[in-house]
Amino acid sequence: MAVSFKICVSFGLFVGLMMRGLVSSAKFDELFQPGWAMDHFIYEGELLKLKLDNYSGAGFASKSKYLFGKVTMHIKLVEGDSAGTVTAYYMSSDGPNHNEFDFEFLGNTTGEPYLVQTNVYVNGVGNREQRMNLWFDPTKDFHSYSILWNQRQVVFLVDETPIRVHTNMEHKGIPFPKDQAMGVYSSIWNADDWATQGGLVKTDWRHAPFIASYKGFEIDACECPVSVAANEIAEKCRSSGEKRFWWDEPTMSELSVHQSHQLVWVRANHLVYDYCTDTARFPVMPVECEHHRH
């Protein structure tokens with residue numbers, strides 16, 4: 001039996017000074033659906049757990065796609081020796097020229113810190129990885145992981161602290177993801193060919209099953225039903241006249257001063273890899289790195 005989750009879907013429509021929103025709580029399977037390995041899903045009250053063993057991982061996807069807004073999941077990562085495992089949480093559109101925003105949590109041996117890898121794909125092109133450790137143990141409790149997306153920026157947040165910003169620089173001739181609706185996905189899987197210390201440390205299946213736990217899904221975004229034509233999606237989700245979405249408000253076009261200070265602190269103390277400074281991979285600096293405040 002599917003278990004009721006407190007999943008909040010708000011379409012954040014402002015009319016004049018009044019905000020209208022559709023807020024609902026629904027069962028998990030009303031908004032999400034298992035993508036694979038349904039026998040590796042565990043329901044415990046309001047918790048959803050995904051299981052990875054030497055037979056399979058598991059994953060799920062939203063039934064709807066969204067253009068702009070904010071998506072949040074509260075996740076507790078695999079405890080103990082999680083080397084070789086990856087828990088992924090991301091938004092993605094479809095097709096070879098897709099856009100994608102990734103959180104990938106890279107497991108490690110017991111006592112070693114988890115690494116969080118973020119990536120941004122635009123028109124099918126990724127290779128924009130950043131890796132950092134966290135200022136807490138993500139296996140001991142639930143923490144929120146969010147993606148905020150509007151026409152000006154994509155912000156990755158951990159417990160509402162920004163850890164990465166991908167800014168719209170179309171005025172510099174750099175493409176920005178703004179016209180493809182995205183689904184919301186999460187999965188756990190074995191990636192011991194690369195996930196931990198470049199693949200040197202393999203998954204120890206004696207510690208299986210590996211469990212990632214979820215609760216508190218929140219989606220506050222512009223829903224794009226299948227019935228909406230691709231060329232109408234951008235217009236449907238764009239503020240105009242009396243129709244105002246909160247993510248289009250001027251205050252959302254960039255980080256606040258406090259958030260900017262938080263981002264500087266995170267990068268100074270927790271960033272361990274940035275593609276922009278990897279001259280072995282990129283002898284010529286990627287063009288967005290010349291201008292970007294990540």
# chains A, B, ... in the order shown; residues from 1 in each chain; ligands from 1
$ select_by_dssp --residues "region 108-258 of chain A" --states "helix (DSSP H, G or I)" --output "list in words"
Glu170, His171, Lys172, Gln197, Gly198, Gly199, Trp205, Arg206, His207, Ala230, Asn231, Glu232, Ile233, Ala234, Glu235, Lys236, Trp246, Trp247, Asp248, Pro250, Thr251, Met252, Val257 and His258 of chain A
$ residues_around --residues "region 52-63 of chain A" --least-positions-apart "6" --cutoff "9 Å" --atoms "only C-alpha atoms" --output "PDB file with N, CA, C and O atoms, in the first residue's frame"
ATOM      1  N   ASP A  29       2.524   7.976  -4.845  1.00  0.00           N
ATOM      2  CA  ASP A  29       2.305   7.543  -6.217  1.00  0.00           C
ATOM      3  C   ASP A  29       1.342   8.436  -6.989  1.00  0.00           C
ATOM      4  O   ASP A  29       1.074   8.185  -8.161  1.00  0.00           O
ATOM      5  N   GLU A  30       0.823   9.497  -6.368  1.00  0.00           N
ATOM      6  CA  GLU A  30       0.039  10.472  -7.114  1.00  0.00           C
ATOM      7  C   GLU A  30       0.937  11.481  -7.824  1.00  0.00           C
ATOM      8  O   GLU A  30       0.549  12.074  -8.828  1.00  0.00           O
ATOM      9  N   LEU A  31       2.134  11.692  -7.291  1.00  0.00           N
ATOM     10  CA  LEU A  31       3.047  12.676  -7.870  1.00  0.00           C
ATOM     11  C   LEU A  31       4.318  12.043  -8.414  1.00  0.00           C
ATOM     12  O   LEU A  31       4.964  12.596  -9.295  1.00  0.00           O
ATOM     13  N   PHE A  32       4.698  10.906  -7.880  1.00  0.00           N
ATOM     14  CA  PHE A  32       5.924  10.225  -8.288  1.00  0.00           C
ATOM     15  C   PHE A  32       5.594   8.788  -8.657  1.00  0.00           C
ATOM     16  O   PHE A  32       4.535   8.267  -8.306  1.00  0.00           O
ATOM     17  N   GLN A  33       6.521   8.174  -9.356  1.00  0.00           N
ATOM     18  CA  GLN A  33       6.349   6.772  -9.702  1.00  0.00           C
ATOM     19  C   GLN A  33       7.700   6.066  -9.697  1.00  0.00           C
ATOM     20  O   GLN A  33       8.716   6.675 -10.064  1.00  0.00           O
ATOM     21  N   PRO A  34       7.730   4.814  -9.263  1.00  0.00           N
ATOM     22  CA  PRO A  34       8.993   4.073  -9.338  1.00  0.00           C
ATOM     23  C   PRO A  34       9.484   4.006 -10.777  1.00  0.00           C
ATOM     24  O   PRO A  34       8.703   3.784 -11.699  1.00  0.00           O
ATOM     25  N   GLY A  35      10.771   4.207 -10.957  1.00  0.00           N
ATOM     26  CA  GLY A  35      11.335   4.112 -12.291  1.00  0.00           C
ATOM     27  C   GLY A  35      11.851   2.717 -12.587  1.00  0.00           C
ATOM     28  O   GLY A  35      11.789   2.255 -13.716  1.00  0.00           O
ATOM     29  N   TRP A  36      12.357   2.056 -11.549  1.00  0.00           N
ATOM     30  CA  TRP A  36      12.884   0.707 -11.732  1.00  0.00           C
ATOM     31  C   TRP A  36      13.057   0.054 -10.358  1.00  0.00           C
ATOM     32  O   TRP A  36      13.162   0.732  -9.348  1.00  0.00           O
ATOM     33  N   ALA A  37      13.018  -1.269 -10.362  1.00  0.00           N
ATOM     34  CA  ALA A  37      13.244  -2.093  -9.165  1.00  0.00           C
ATOM     35  C   ALA A  37      12.261  -1.751  -8.043  1.00  0.00           C
ATOM     36  O   ALA A  37      12.647  -1.364  -6.947  1.00  0.00           O
ATOM     37  N   MET A  38      10.976  -1.937  -8.316  1.00  0.00           N
ATOM     38  CA  MET A  38       9.965  -1.641  -7.306  1.00  0.00           C
ATOM     39  C   MET A  38      10.149  -2.488  -6.048  1.00  0.00           C
ATOM     40  O   MET A  38       9.760  -2.059  -4.951  1.00  0.00           O
ATOM     41  N   ASP A  39      10.758  -3.659  -6.178  1.00  0.00           N
ATOM     42  CA  ASP A  39      10.986  -4.495  -4.995  1.00  0.00           C
ATOM     43  C   ASP A  39      12.131  -3.982  -4.129  1.00  0.00           C
ATOM     44  O   ASP A  39      12.413  -4.561  -3.072  1.00  0.00           O
ATOM     45  N   HIS A  40      12.775  -2.885  -4.550  1.00  0.00           N
ATOM     46  CA  HIS A  40      13.826  -2.259  -3.752  1.00  0.00           C
ATOM     47  C   HIS A  40      13.345  -0.950  -3.121  1.00  0.00           C
ATOM     48  O   HIS A  40      14.154  -0.126  -2.694  1.00  0.00           O
ATOM     49  N   PHE A  41      12.031  -0.763  -3.085  1.00  0.00           N
ATOM     50  CA  PHE A  41      11.407   0.364  -2.385  1.00  0.00           C
ATOM     51  C   PHE A  41      10.885  -0.140  -1.043  1.00  0.00           C
ATOM     52  O   PHE A  41      10.248  -1.200  -0.970  1.00  0.00           O
ATOM     53  N   THR A  85      29.039   3.558  -3.875  1.00  0.00           N
ATOM     54  CA  THR A  85      27.633   3.852  -4.111  1.00  0.00           C
ATOM     55  C   THR A  85      27.433   5.317  -4.478  1.00  0.00           C
ATOM     56  O   THR A  85      28.198   6.189  -4.066  1.00  0.00           O
ATOM     57  N   ALA A  88      21.731   9.709  -6.287  1.00  0.00           N
ATOM     58  CA  ALA A  88      21.575  10.831  -7.208  1.00  0.00           C
ATOM     59  C   ALA A  88      20.208  11.484  -7.020  1.00  0.00           C
ATOM     60  O   ALA A  88      19.210  10.799  -6.788  1.00  0.00           O
ATOM     61  N   GLY A 183      11.752  16.883 -15.437  1.00  0.00           N
ATOM     62  CA  GLY A 183      11.252  16.009 -14.396  1.00  0.00           C
ATOM     63  C   GLY A 183      12.187  16.026 -13.204  1.00  0.00           C
ATOM     64  O   GLY A 183      13.313  16.524 -13.270  1.00  0.00           O
ATOM     65  N   VAL A 184      11.699  15.460 -12.099  1.00  0.00           N
ATOM     66  CA  VAL A 184      12.478  15.354 -10.862  1.00  0.00           C
ATOM     67  C   VAL A 184      12.737  13.876 -10.606  1.00  0.00           C
ATOM     68  O   VAL A 184      11.809  13.057 -10.660  1.00  0.00           O
ATOM     69  N   TYR A 185      13.981  13.531 -10.328  1.00  0.00           N
ATOM     70  CA  TYR A 185      14.377  12.133 -10.249  1.00  0.00           C
ATOM     71  C   TYR A 185      15.283  11.893  -9.045  1.00  0.00           C
ATOM     72  O   TYR A 185      15.981  12.800  -8.589  1.00  0.00           O
ATOM     73  N   SER A 186      15.301  10.649  -8.578  1.00  0.00           N
ATOM     74  CA  SER A 186      16.307  10.238  -7.603  1.00  0.00           C
ATOM     75  C   SER A 186      16.540   8.741  -7.741  1.00  0.00           C
ATOM     76  O   SER A 186      15.644   7.996  -8.147  1.00  0.00           O
ATOM     77  N   SER A 187      17.751   8.320  -7.394  1.00  0.00           N
ATOM     78  CA  SER A 187      18.094   6.905  -7.513  1.00  0.00           C
ATOM     79  C   SER A 187      19.305   6.597  -6.649  1.00  0.00           C
ATOM     80  O   SER A 187      20.042   7.494  -6.218  1.00  0.00           O
ATOM     81  N   ILE A 188      19.489   5.319  -6.377  1.00  0.00           N
ATOM     82  CA  ILE A 188      20.720   4.826  -5.747  1.00  0.00           C
ATOM     83  C   ILE A 188      21.249   3.701  -6.625  1.00  0.00           C
ATOM     84  O   ILE A 188      20.480   2.859  -7.108  1.00  0.00           O
ATOM     85  N   TRP A 189      22.572   3.703  -6.845  1.00  0.00           N
ATOM     86  CA  TRP A 189      23.136   2.734  -7.778  1.00  0.00           C
ATOM     87  C   TRP A 189      24.623   2.521  -7.493  1.00  0.00           C
ATOM     88  O   TRP A 189      25.249   3.299  -6.762  1.00  0.00           O
ATOM     89  N   ASN A 190      25.142   1.455  -8.058  1.00  0.00           N
ATOM     90  CA  ASN A 190      26.550   1.118  -7.886  1.00  0.00           C
ATOM     91  C   ASN A 190      27.381   1.800  -8.965  1.00  0.00           C
ATOM     92  O   ASN A 190      27.112   1.649 -10.158  1.00  0.00           O
ATOM     93  N   TRP A 205      30.210  -5.517  -0.876  1.00  0.00           N
ATOM     94  CA  TRP A 205      28.846  -6.022  -0.825  1.00  0.00           C
ATOM     95  C   TRP A 205      28.521  -6.741   0.474  1.00  0.00           C
ATOM     96  O   TRP A 205      27.351  -7.049   0.746  1.00  0.00           O
ATOM     97  N   HIS A 207      28.472  -5.282   3.135  1.00  0.00           N
ATOM     98  CA  HIS A 207      27.723  -4.278   3.899  1.00  0.00           C
ATOM     99  C   HIS A 207      26.343  -4.006   3.312  1.00  0.00           C
ATOM    100  O   HIS A 207      25.608  -3.170   3.820  1.00  0.00           O
ATOM    101  N   ALA A 208      25.998  -4.697   2.230  1.00  0.00           N
ATOM    102  CA  ALA A 208      24.679  -4.495   1.619  1.00  0.00           C
ATOM    103  C   ALA A 208      23.584  -5.068   2.529  1.00  0.00           C
ATOM    104  O   ALA A 208      23.846  -5.973   3.331  1.00  0.00           O
ATOM    105  N   PRO A 209      22.342  -4.588   2.442  1.00  0.00           N
ATOM    106  CA  PRO A 209      21.911  -3.558   1.490  1.00  0.00           C
ATOM    107  C   PRO A 209      22.286  -2.150   1.951  1.00  0.00           C
ATOM    108  O   PRO A 209      22.350  -1.872   3.149  1.00  0.00           O
ATOM    109  N   PHE A 210      22.523  -1.276   0.983  1.00  0.00           N
ATOM    110  CA  PHE A 210      22.790   0.129   1.239  1.00  0.00           C
ATOM    111  C   PHE A 210      21.465   0.887   1.103  1.00  0.00           C
ATOM    112  O   PHE A 210      20.749   0.720   0.117  1.00  0.00           O
ATOM    113  N   ILE A 211      21.152   1.722   2.092  1.00  0.00           N
ATOM    114  CA  ILE A 211      19.840   2.352   2.161  1.00  0.00           C
ATOM    115  C   ILE A 211      19.972   3.873   2.140  1.00  0.00           C
ATOM    116  O   ILE A 211      20.704   4.455   2.944  1.00  0.00           O
ATOM    117  N   ALA A 212      19.254   4.521   1.227  1.00  0.00           N
ATOM    118  CA  ALA A 212      19.076   5.977   1.238  1.00  0.00           C
ATOM    119  C   ALA A 212      17.623   6.262   1.612  1.00  0.00           C
ATOM    120  O   ALA A 212      16.707   5.637   1.078  1.00  0.00           O
TER     121      ALA A 212
END
$ closest_residue --among "A:Thr167, A:Asn108, A:Ser144, A:Phe103" --to "Ser253 (chain A)" --atoms "only C-alpha atoms"
A:Thr167
$ atom_distance --atom1 "CA of Thr279 (chain A)" --atom2 "CA of His291 (chain A)"
16.7 Å
$ closest_residue --among "A:Val120, A:Ala229, A:Leu106, A:Val287" --to "Val155 (chain A)" --atoms "only C-alpha atoms"
A:Val120
$ atom_distance --atom1 "CA of Asp193 (chain A)" --atom2 "CA of Val284 (chain A)"
27.6 Å
$ select_by_dssp --residues "region 132-256 of chain A" --states "strand (DSSP E or B)" --output "NGL selection string"
:A and (132 or 143-149 or 153-158 or 161-167 or 182-190 or 210-224 or 240 or 243-245)
$ residues_around --residues "Lys70 (chain A)" --least-positions-apart "4" --cutoff "7 Å" --atoms "only C-alpha atoms" --output "list in words"
Ser146, Ile147, Leu148, Trp149, Ile219, Asp220 and Ala221 of chain A
$ atom_distance --atom1 "CA of Asn97 (chain A)" --atom2 "CA of Asp274 (chain A)"
23.6 Å
$ residues_around --residues "Asn119 (chain A)" --least-positions-apart "5" --cutoff "8 Å" --atoms "only C-alpha atoms" --output "PDB file with C-alpha atoms, in the first residue's frame"
ATOM      1  CA  GLU A 100      19.994  18.768 -16.350  1.00  0.00           C
ATOM      2  CA  PHE A 101      20.850  19.876 -12.792  1.00  0.00           C
ATOM      3  CA  ASP A 102      22.568  17.170 -10.695  1.00  0.00           C
ATOM      4  CA  PHE A 103      23.220  16.412  -7.068  1.00  0.00           C
ATOM      5  CA  GLY A 126      27.788  18.738 -19.179  1.00  0.00           C
ATOM      6  CA  ASN A 127      31.371  18.443 -17.892  1.00  0.00           C
ATOM      7  CA  ARG A 128      30.729  21.195 -15.346  1.00  0.00           C
ATOM      8  CA  GLU A 129      31.443  19.154 -12.213  1.00  0.00           C
ATOM      9  CA  GLN A 130      32.148  20.608  -8.816  1.00  0.00           C
TER      10      GLN A 130
END
$ residues_around --residues "Glu170 (chain A)" --least-positions-apart "2" --cutoff "12 Å" --atoms "only C-alpha atoms" --output "list of chain:residue names"
A:Gln151, A:Arg152, A:Gln153, A:His166, A:Thr167, A:Asn168, A:Lys172, A:Gly173, A:Ile174, A:Pro175, A:Phe176, A:Pro177, A:Lys178, A:Val287, A:Glu288, A:His291, A:His292
$ closest_atom_pairs --of "region 56-109 of chain A" --to "region 231-237 of chain A" --cutoff "9 Å" --atoms "only C-alpha atoms" --output "Markdown table"
| residue | atom | partner | partner_atom | distance |
| --- | --- | --- | --- | --- |
| A:Tyr66 | CA | A:Cys237 | CA | 8.9 |
| A:Leu67 | CA | A:Cys237 | CA | 6.5 |
| A:Phe68 | CA | A:Cys237 | CA | 7.3 |
$ residues_around --residues "Lys202 (chain A)" --least-positions-apart "5" --cutoff "7 Å" --atoms "only C-alpha atoms" --output "NGL selection string"
:A and (83-84 or 192)
$ write_last_selection --atoms "all heavy atoms" --output "CSV table (one decimal), in the first residue's frame"
chain,number,residue,atom,x,y,z
A,83,ALA,N,31.3,3.2,0.3
A,83,ALA,CA,32.2,3.3,-0.9
A,83,ALA,C,31.6,2.6,-2.1
A,83,ALA,O,31.0,1.5,-2.0
A,83,ALA,CB,33.5,2.7,-0.5
A,84,GLY,N,31.7,3.3,-3.2
A,84,GLY,CA,31.2,2.8,-4.5
A,84,GLY,C,29.8,3.1,-4.9
A,84,GLY,O,29.4,2.9,-6.0
A,192,ASP,N,31.1,1.9,-8.6
A,192,ASP,CA,32.4,1.8,-8.1
A,192,ASP,C,33.5,1.8,-9.1
A,192,ASP,O,34.7,1.7,-8.7
A,192,ASP,CB,32.5,0.5,-7.2
A,192,ASP,CG,32.4,-0.8,-8.0
A,192,ASP,OD1,32.3,-0.8,-9.2
A,192,ASP,OD2,32.4,-1.9,-7.3
$ residues_around --residues "Gly95 (chain A)" --least-positions-apart "4" --cutoff "10 Å" --atoms "only C-alpha atoms" --output "ChimeraX atom specification"
/A:99,123-124
$ write_last_selection --atoms "N, CA, C and O atoms" --output "PDB file, in the first residue's frame"
ATOM      1  N   ASN A  99      18.598  19.460 -20.857  1.00  0.00           N
ATOM      2  CA  ASN A  99      19.168  20.226 -19.755  1.00  0.00           C
ATOM      3  C   ASN A  99      19.062  19.388 -18.494  1.00  0.00           C
ATOM      4  O   ASN A  99      18.148  18.575 -18.341  1.00  0.00           O
ATOM      5  N   ASN A 123      21.793  22.038 -23.128  1.00  0.00           N
ATOM      6  CA  ASN A 123      21.710  21.551 -24.514  1.00  0.00           C
ATOM      7  C   ASN A 123      22.547  20.292 -24.719  1.00  0.00           C
ATOM      8  O   ASN A 123      23.232  20.132 -25.729  1.00  0.00           O
ATOM      9  N   GLY A 124      22.508  19.393 -23.742  1.00  0.00           N
ATOM     10  CA  GLY A 124      23.191  18.119 -23.845  1.00  0.00           C
ATOM     11  C   GLY A 124      24.655  18.120 -23.467  1.00  0.00           C
ATOM     12  O   GLY A 124      25.298  17.073 -23.497  1.00  0.00           O
TER      13      GLY A 124
END
$ decode --residues "region 196-212 of chain A" --atoms "N, CA and C atoms" --output "short mmCIF file (atom, residue, chain, number, x, y, z; two decimals), in the first residue's frame"
data_model
loop_
_atom_site.label_atom_id
_atom_site.label_comp_id
_atom_site.auth_asym_id
_atom_site.auth_seq_id
_atom_site.Cartn_x
_atom_site.Cartn_y
_atom_site.Cartn_z
N THR A 196 34.33 6.47 -5.84
CA THR A 196 35.13 6.64 -4.63
C THR A 196 36.61 6.58 -4.98
N GLN A 197 37.28 7.70 -4.74
CA GLN A 197 38.72 7.82 -5.02
C GLN A 197 39.03 7.38 -6.45
N GLY A 198 38.20 7.87 -7.38
CA GLY A 198 38.43 7.60 -8.79
C GLY A 198 38.26 6.14 -9.18
N GLY A 199 37.53 5.38 -8.38
CA GLY A 199 37.31 3.97 -8.67
C GLY A 199 38.29 3.03 -8.00
N LEU A 200 39.22 3.58 -7.21
CA LEU A 200 40.20 2.72 -6.54
C LEU A 200 39.57 1.88 -5.44
N VAL A 201 38.54 2.45 -4.79
CA VAL A 201 37.85 1.74 -3.70
C VAL A 201 36.54 1.19 -4.25
N LYS A 202 36.36 -0.11 -4.16
CA LYS A 202 35.19 -0.77 -4.72
C LYS A 202 34.10 -0.96 -3.66
N THR A 203 32.90 -1.23 -4.14
CA THR A 203 31.78 -1.50 -3.25
C THR A 203 32.03 -2.81 -2.49
N ASP A 204 31.86 -2.77 -1.18
CA ASP A 204 31.99 -3.97 -0.36
C ASP A 204 30.59 -4.51 -0.10
N TRP A 205 30.21 -5.52 -0.88
CA TRP A 205 28.85 -6.02 -0.83
C TRP A 205 28.52 -6.74 0.47
N ARG A 206 29.53 -6.97 1.30
CA ARG A 206 29.25 -7.54 2.62
C ARG A 206 28.43 -6.58 3.47
N HIS A 207 28.47 -5.28 3.14
CA HIS A 207 27.72 -4.28 3.90
C HIS A 207 26.34 -4.01 3.31
N ALA A 208 26.00 -4.70 2.23
CA ALA A 208 24.68 -4.49 1.62
C ALA A 208 23.58 -5.07 2.53
N PRO A 209 22.34 -4.59 2.44
CA PRO A 209 21.91 -3.56 1.49
C PRO A 209 22.29 -2.15 1.95
N PHE A 210 22.52 -1.28 0.98
CA PHE A 210 22.79 0.13 1.24
C PHE A 210 21.47 0.89 1.10
N ILE A 211 21.15 1.72 2.09
CA ILE A 211 19.84 2.35 2.16
C ILE A 211 19.97 3.87 2.14
N ALA A 212 19.25 4.52 1.23
CA ALA A 212 19.08 5.98 1.24
C ALA A 212 17.62 6.26 1.61
#
